[in-house]
$ cat structure_23.cif   # mmCIF, C-alpha atoms and all ligand atoms
data_input
loop_
_atom_site.label_atom_id
_atom_site.label_comp_id
_atom_site.auth_asym_id
_atom_site.auth_seq_id
_atom_site.Cartn_x
_atom_site.Cartn_y
_atom_site.Cartn_z
CA MET V 1 140.54 71.44 33.50
CA GLU V 2 138.28 68.73 32.14
CA GLU V 3 134.58 69.49 32.05
CA ARG V 4 132.90 68.13 35.13
CA VAL V 5 129.65 67.16 33.46
CA ALA V 6 127.79 63.87 33.74
CA THR V 7 124.72 62.46 32.05
CA ILE V 8 122.90 59.46 33.51
CA CYS V 9 119.97 57.63 31.92
CA ARG V 10 118.17 55.04 34.03
CA THR V 11 115.08 53.07 33.13
CA THR V 12 113.16 50.63 35.32
CA LYS V 13 109.57 49.42 35.31
CA GLU V 14 108.81 52.26 37.72
CA THR V 15 110.69 55.26 36.35
CA LYS V 16 112.52 56.55 33.30
CA ILE V 17 115.05 59.27 34.15
CA GLU V 18 117.47 61.35 32.11
CA LEU V 19 119.66 63.74 34.09
CA THR V 20 122.63 65.94 33.19
CA LEU V 21 124.64 67.75 35.87
CA ASN V 22 127.40 70.31 35.29
CA LEU V 23 129.28 71.03 38.54
CA ASP V 24 130.86 74.13 36.98
CA GLY V 25 127.65 75.70 35.73
CA THR V 26 125.82 78.91 36.52
CA GLY V 27 122.49 77.61 37.79
CA MET V 28 120.74 77.01 34.49
CA THR V 29 117.94 74.46 34.74
CA GLN V 30 115.44 72.51 32.71
CA ILE V 31 113.47 70.32 35.11
CA SER V 32 110.34 68.24 34.70
CA THR V 33 109.67 65.42 37.17
CA GLY V 34 105.87 65.43 37.21
CA ILE V 35 105.95 66.56 40.87
CA GLY V 36 105.75 70.34 41.12
CA PHE V 37 107.38 70.60 44.53
CA LEU V 38 110.28 68.32 43.49
CA ASP V 39 110.80 70.54 40.43
CA HIS V 40 110.88 73.55 42.80
CA MET V 41 113.45 71.82 45.04
CA LEU V 42 115.73 70.74 42.17
CA ASN V 43 115.55 74.27 40.76
CA SER V 44 116.58 75.66 44.16
CA PHE V 45 119.39 73.09 44.38
CA ALA V 46 120.82 74.03 40.98
CA ARG V 47 120.39 77.79 41.35
CA HIS V 48 121.97 77.99 44.79
CA GLY V 49 124.73 75.48 44.04
CA LEU V 50 125.44 77.18 40.68
CA PHE V 51 125.08 73.82 38.95
CA ASP V 52 123.53 73.41 35.51
CA LEU V 53 120.89 70.72 35.80
CA THR V 54 118.62 69.05 33.28
CA VAL V 55 116.18 66.47 34.63
CA LYS V 56 113.39 64.63 32.83
CA VAL V 57 111.49 62.04 34.83
CA ASP V 58 108.64 59.87 33.67
CA GLY V 59 107.58 58.06 36.84
CA ASP V 60 104.69 55.92 38.04
CA LEU V 61 102.87 58.80 39.74
CA GLU V 62 99.63 56.84 39.41
CA VAL V 63 101.07 54.74 42.29
CA ASP V 64 102.44 57.61 44.41
CA CYS V 65 105.48 59.92 44.55
CA HIS V 66 107.83 57.34 46.12
CA HIS V 67 109.64 55.81 43.13
CA THR V 68 109.92 59.13 41.29
CA ILE V 69 111.57 60.94 44.22
CA GLU V 70 113.79 58.04 45.35
CA ASP V 71 114.99 57.21 41.83
CA THR V 72 115.71 60.86 41.07
CA GLY V 73 117.92 60.84 44.18
CA ILE V 74 119.71 57.70 42.96
CA VAL V 75 120.39 59.22 39.54
CA LEU V 76 121.47 62.60 40.96
CA GLY V 77 123.93 60.74 43.21
CA GLN V 78 125.27 58.73 40.27
CA ALA V 79 125.74 61.95 38.30
CA ILE V 80 127.60 63.60 41.20
CA ALA V 81 129.93 60.58 41.48
CA LYS V 82 130.59 60.56 37.73
CA ALA V 83 131.09 64.34 37.51
CA VAL V 84 133.63 64.55 40.37
CA GLY V 85 135.58 61.66 38.83
CA GLU V 86 138.96 61.13 40.54
CA LYS V 87 138.32 64.16 42.83
CA LYS V 88 141.71 65.63 41.94
CA SER V 89 142.38 68.98 43.68
CA MET V 90 138.84 68.94 45.07
CA GLN V 91 138.10 70.49 48.48
CA ARG V 92 136.22 67.35 49.53
CA TYR V 93 134.48 68.91 52.56
CA GLY V 94 131.67 71.45 52.56
CA SER V 95 129.27 72.74 55.17
CA ILE V 96 126.82 75.52 55.90
CA ILE V 97 124.24 76.62 58.40
CA LEU V 98 121.57 78.06 56.15
CA PRO V 99 118.70 80.27 57.31
CA MET V 100 115.36 80.53 55.54
CA ASP V 101 113.01 82.77 57.51
CA GLU V 102 112.31 80.91 60.80
CA THR V 103 114.10 77.78 59.54
CA LEU V 104 117.76 76.99 60.15
CA ILE V 105 119.42 73.98 58.49
CA LEU V 106 122.88 72.52 59.02
CA CYS V 107 124.36 70.51 56.16
CA ALA V 108 127.84 68.97 56.17
CA ILE V 109 129.37 66.89 53.38
CA ASP V 110 132.47 64.74 53.00
CA LEU V 111 132.92 63.35 49.50
CA SER V 112 134.87 60.51 51.04
CA GLY V 113 133.66 57.68 48.81
CA ARG V 114 132.02 56.14 51.89
CA PRO V 115 128.25 56.57 51.95
CA TYR V 116 126.64 57.58 55.23
CA LEU V 117 123.53 59.62 55.95
CA VAL V 118 122.59 61.27 59.21
CA PHE V 119 119.22 62.96 58.79
CA ASN V 120 117.45 64.84 61.52
CA ALA V 121 114.37 66.87 60.62
CA ASN V 122 110.82 66.99 61.90
CA PHE V 123 107.87 67.51 59.63
CA THR V 124 104.40 68.31 60.90
CA THR V 125 102.52 67.74 57.64
CA ASP V 126 102.38 64.55 55.56
CA ARG V 127 102.79 66.34 52.26
CA VAL V 128 103.87 69.56 50.63
CA GLY V 129 102.07 69.71 47.30
CA ASN V 130 102.42 66.24 45.80
CA TYR V 131 105.69 65.58 47.68
CA ASP V 132 105.35 63.31 50.74
CA THR V 133 107.50 64.76 53.51
CA GLU V 134 108.75 61.27 54.51
CA MET V 135 110.43 61.15 51.07
CA VAL V 136 112.89 63.93 51.93
CA LYS V 137 115.02 61.50 53.93
CA GLU V 138 114.65 58.82 51.23
CA PHE V 139 115.86 61.25 48.56
CA PHE V 140 119.01 62.19 50.48
CA TYR V 141 119.66 58.58 51.51
CA ALA V 142 119.63 57.68 47.81
CA VAL V 143 121.93 60.60 46.95
CA SER V 144 124.44 59.76 49.67
CA TYR V 145 124.58 56.05 48.85
CA SER V 146 124.76 56.35 45.09
CA SER V 147 127.43 59.07 45.23
CA GLY V 148 129.55 57.68 48.08
CA MET V 149 128.95 60.78 50.18
CA ASN V 150 128.98 61.26 53.92
CA LEU V 151 126.01 63.57 54.36
CA HIS V 152 124.73 65.14 57.55
CA ILE V 153 121.49 67.11 57.49
CA ARG V 154 120.17 68.60 60.69
CA GLN V 155 117.24 70.91 61.27
CA LEU V 156 118.28 73.40 63.96
CA ALA V 157 115.00 75.36 63.80
CA GLY V 158 111.89 75.55 61.67
CA GLU V 159 108.10 75.50 61.70
CA ASN V 160 106.92 75.76 58.11
CA ASN V 161 107.33 72.47 56.25
CA HIS V 162 107.88 74.16 52.88
CA HIS V 163 110.68 76.25 54.43
CA ILE V 164 112.26 73.24 56.18
CA ILE V 165 112.43 71.16 53.01
CA GLU V 166 113.57 74.03 50.82
CA GLY V 167 116.17 75.00 53.43
CA ILE V 168 117.48 71.41 53.30
CA TYR V 169 117.82 71.41 49.49
CA LYS V 170 119.48 74.85 49.50
CA ALA V 171 121.88 73.93 52.31
CA PHE V 172 122.75 70.72 50.46
CA ALA V 173 123.45 72.76 47.32
CA LYS V 174 125.74 75.24 49.09
CA ALA V 175 127.65 72.51 50.94
CA LEU V 176 128.05 70.46 47.76
CA ASP V 177 129.25 73.50 45.80
CA GLN V 178 131.91 74.05 48.46
CA ALA V 179 132.92 70.37 48.63
CA THR V 180 133.32 70.13 44.85
CA ARG V 181 135.35 73.36 44.43
CA ILE V 182 138.82 73.00 43.01
CA ASP V 183 141.74 74.24 45.13
CA SER V 184 144.98 74.37 43.14
CA ARG V 185 147.02 73.94 46.35
CA ILE V 186 145.71 70.35 46.51
CA VAL V 187 148.15 68.63 44.18
CA ASP V 188 146.48 65.22 44.04
CA VAL V 189 143.49 64.20 46.16
CA LEU V 190 142.85 65.47 49.70
CA SER V 191 143.56 62.23 51.51
CA THR V 192 146.52 60.72 53.32
CA LYS V 193 145.58 57.42 51.65
CA GLY V 194 146.18 58.81 48.16
CA SER V 195 142.68 58.12 46.85
CA LEU V 196 139.06 58.88 47.65
MN MN V 201 109.63 77.80 48.01
#
$ encode --input "structure_23.cif" --output "structure tokens"
Amino acid sequence: MEERVATICRTTKETKIELTLNLDGTGMTQISTGIGFLDHMLNSFARHGLFDLTVKVDGDLEVDCHHTIEDTGIVLGQAIAKAVGEKKSMQRYGSIILPMDETLILCAIDLSGRPYLVFNANFTTDRVGNYDTEMVKEFFYAVSYSSGMNLHIRQLAGENNHHIIEGIYKAFAKALDQATRIDSRIVDVLSTKGSL
């Protein structure tokens, strides 16, 4: 099988991002975004999804965390789309209900090529570290739209904002790992239309 690895470099007046994603990795990471909690989340994503992930972000943190988090989501989505390629023999769907202490997160993915985000989570603090909680939805909106992913994220339970956000990133990782797995029984792509 071809290597399912993608590197994306993106530079704007607000951020400069270099990201490499290997869907068939082992969870090795090298991550530096300038936002400690985003580094923690991307590490959790890669470790639990068993993806290799290298991310270097130089963002306008003197403004706030917005551009850095949103643009990292855009680039991660672009890397996912590039790495899955034609989606040949790929499972396409993935889902999990993931517990993290008191928190319970549902995440369901269809790598359909049609972007759609349904996001339902309630945060009770404005920030965790230097990560604004309102940016969690923005991050996953960017991922879903730039990768062509139908993505549902739903908080079923949770009190601690760190747990809720980390549960979301971990659930996303597990669901994406499942959706991107290769099943040799799928001869072409898993669609009655013949393409995804
Ligand atoms: Mn944590």
$ closest_atom_pairs --input "structure_23.cif" --of "chain V" --to "ligand MN 201 (chain V)" --cutoff "12 Å" --atoms "all atoms listed in the file" --output "Markdown table"
| residue | atom | partner | partner_atom | distance |
| --- | --- | --- | --- | --- |
| V:Gly36 | CA | V:MN201 | MN | 10.9 |
| V:Phe37 | CA | V:MN201 | MN | 8.3 |
| V:Leu38 | CA | V:MN201 | MN | 10.5 |
| V:Asp39 | CA | V:MN201 | MN | 10.6 |
| V:His40 | CA | V:MN201 | MN | 6.8 |
| V:Met41 | CA | V:MN201 | MN | 7.7 |
| V:Leu42 | CA | V:MN201 | MN | 11.0 |
| V:Asn43 | CA | V:MN201 | MN | 10.0 |
| V:Ser44 | CA | V:MN201 | MN | 8.2 |
| V:Phe45 | CA | V:MN201 | MN | 11.4 |
| V:Met100 | CA | V:MN201 | MN | 9.8 |
| V:Asp101 | CA | V:MN201 | MN | 11.2 |
| V:Val128 | CA | V:MN201 | MN | 10.4 |
| V:Gly129 | CA | V:MN201 | MN | 11.1 |
| V:Asn160 | CA | V:MN201 | MN | 10.7 |
| V:Asn161 | CA | V:MN201 | MN | 10.1 |
| V:His162 | CA | V:MN201 | MN | 6.3 |
| V:His163 | CA | V:MN201 | MN | 6.7 |
| V:Ile164 | CA | V:MN201 | MN | 9.7 |
| V:Ile165 | CA | V:MN201 | MN | 8.8 |
| V:Glu166 | CA | V:MN201 | MN | 6.1 |
| V:Gly167 | CA | V:MN201 | MN | 8.9 |
| V:Ile168 | CA | V:MN201 | MN | 11.4 |
| V:Tyr169 | CA | V:MN201 | MN | 10.5 |
| V:Lys170 | CA | V:MN201 | MN | 10.4 |
$ atom_distance --input "structure_23.cif" --atom1 "CA of Ile182 (chain V)" --atom2 "CA of Val84 (chain V)"
10.3 Å
$ atom_distance --input "structure_23.cif" --atom1 "CA of Leu156 (chain V)" --atom2 "CA of Phe139 (chain V)"
19.8 Å
$ residues_around --input "structure_23.cif" --residues "Met28 (chain V)" --least-positions-apart "5" --cutoff "9 Å" --atoms "all atoms listed in the file" --output "compact mmCIF listing (two decimals) with C-alpha atoms, in the frame of the given file"
# COMPACT_ATOMS: atom_id res chain seq x y z
CA ASN V 43 115.55 74.27 40.76
CA ALA V 46 120.82 74.03 40.98
CA ARG V 47 120.39 77.79 41.35
CA LEU V 50 125.44 77.18 40.68
CA PHE V 51 125.08 73.82 38.95
CA ASP V 52 123.53 73.41 35.51
CA LEU V 53 120.89 70.72 35.80
CA THR V 54 118.62 69.05 33.28
$ atom_distance --input "structure_23.cif" --atom1 "CA of Ala175 (chain V)" --atom2 "CA of Asn22 (chain V)"
15.8 Å
$ closest_residue --input "structure_23.cif" --among "V:His48, V:Tyr131, V:Leu196, V:Arg181" --to "Gly27 (chain V)" --atoms "all atoms listed in the file"
V:His48
$ residues_around --input "structure_23.cif" --residues "Arg154 (chain V)" --least-positions-apart "4" --cutoff "8 Å" --atoms "only C-alpha atoms" --output "CSV table (one decimal) with C-alpha atoms, in the coordinates of the input"
chain,number,residue,atom,x,y,z
V,105,ILE,CA,119.4,74.0,58.5
V,106,LEU,CA,122.9,72.5,59.0
V,107,CYS,CA,124.4,70.5,56.2
V,118,VAL,CA,122.6,61.3,59.2
V,119,PHE,CA,119.2,63.0,58.8
V,120,ASN,CA,117.4,64.8,61.5
V,121,ALA,CA,114.4,66.9,60.6
$ residues_around --input "structure_23.cif" --residues "Ala179 (chain V)" --least-positions-apart "5" --cutoff "9 Å" --atoms "only C-alpha atoms" --output "list in words"
Met90, Gln91, Arg92, Tyr93, Gly94, Ser95, Ile109, Asp110, Leu111 and Lys174 of chain V
$ closest_residue --input "structure_23.cif" --among "V:Ser195, V:Tyr141, V:Gln30, V:Asp188" --to "Gly77 (chain V)" --atoms "only C-alpha atoms"
V:Tyr141
$ closest_residue --input "structure_23.cif" --among "V:Ala142, V:Cys9, V:Ile96, V:Leu176" --to "His66 (chain V)" --atoms "all atoms listed in the file"
V:Ala142
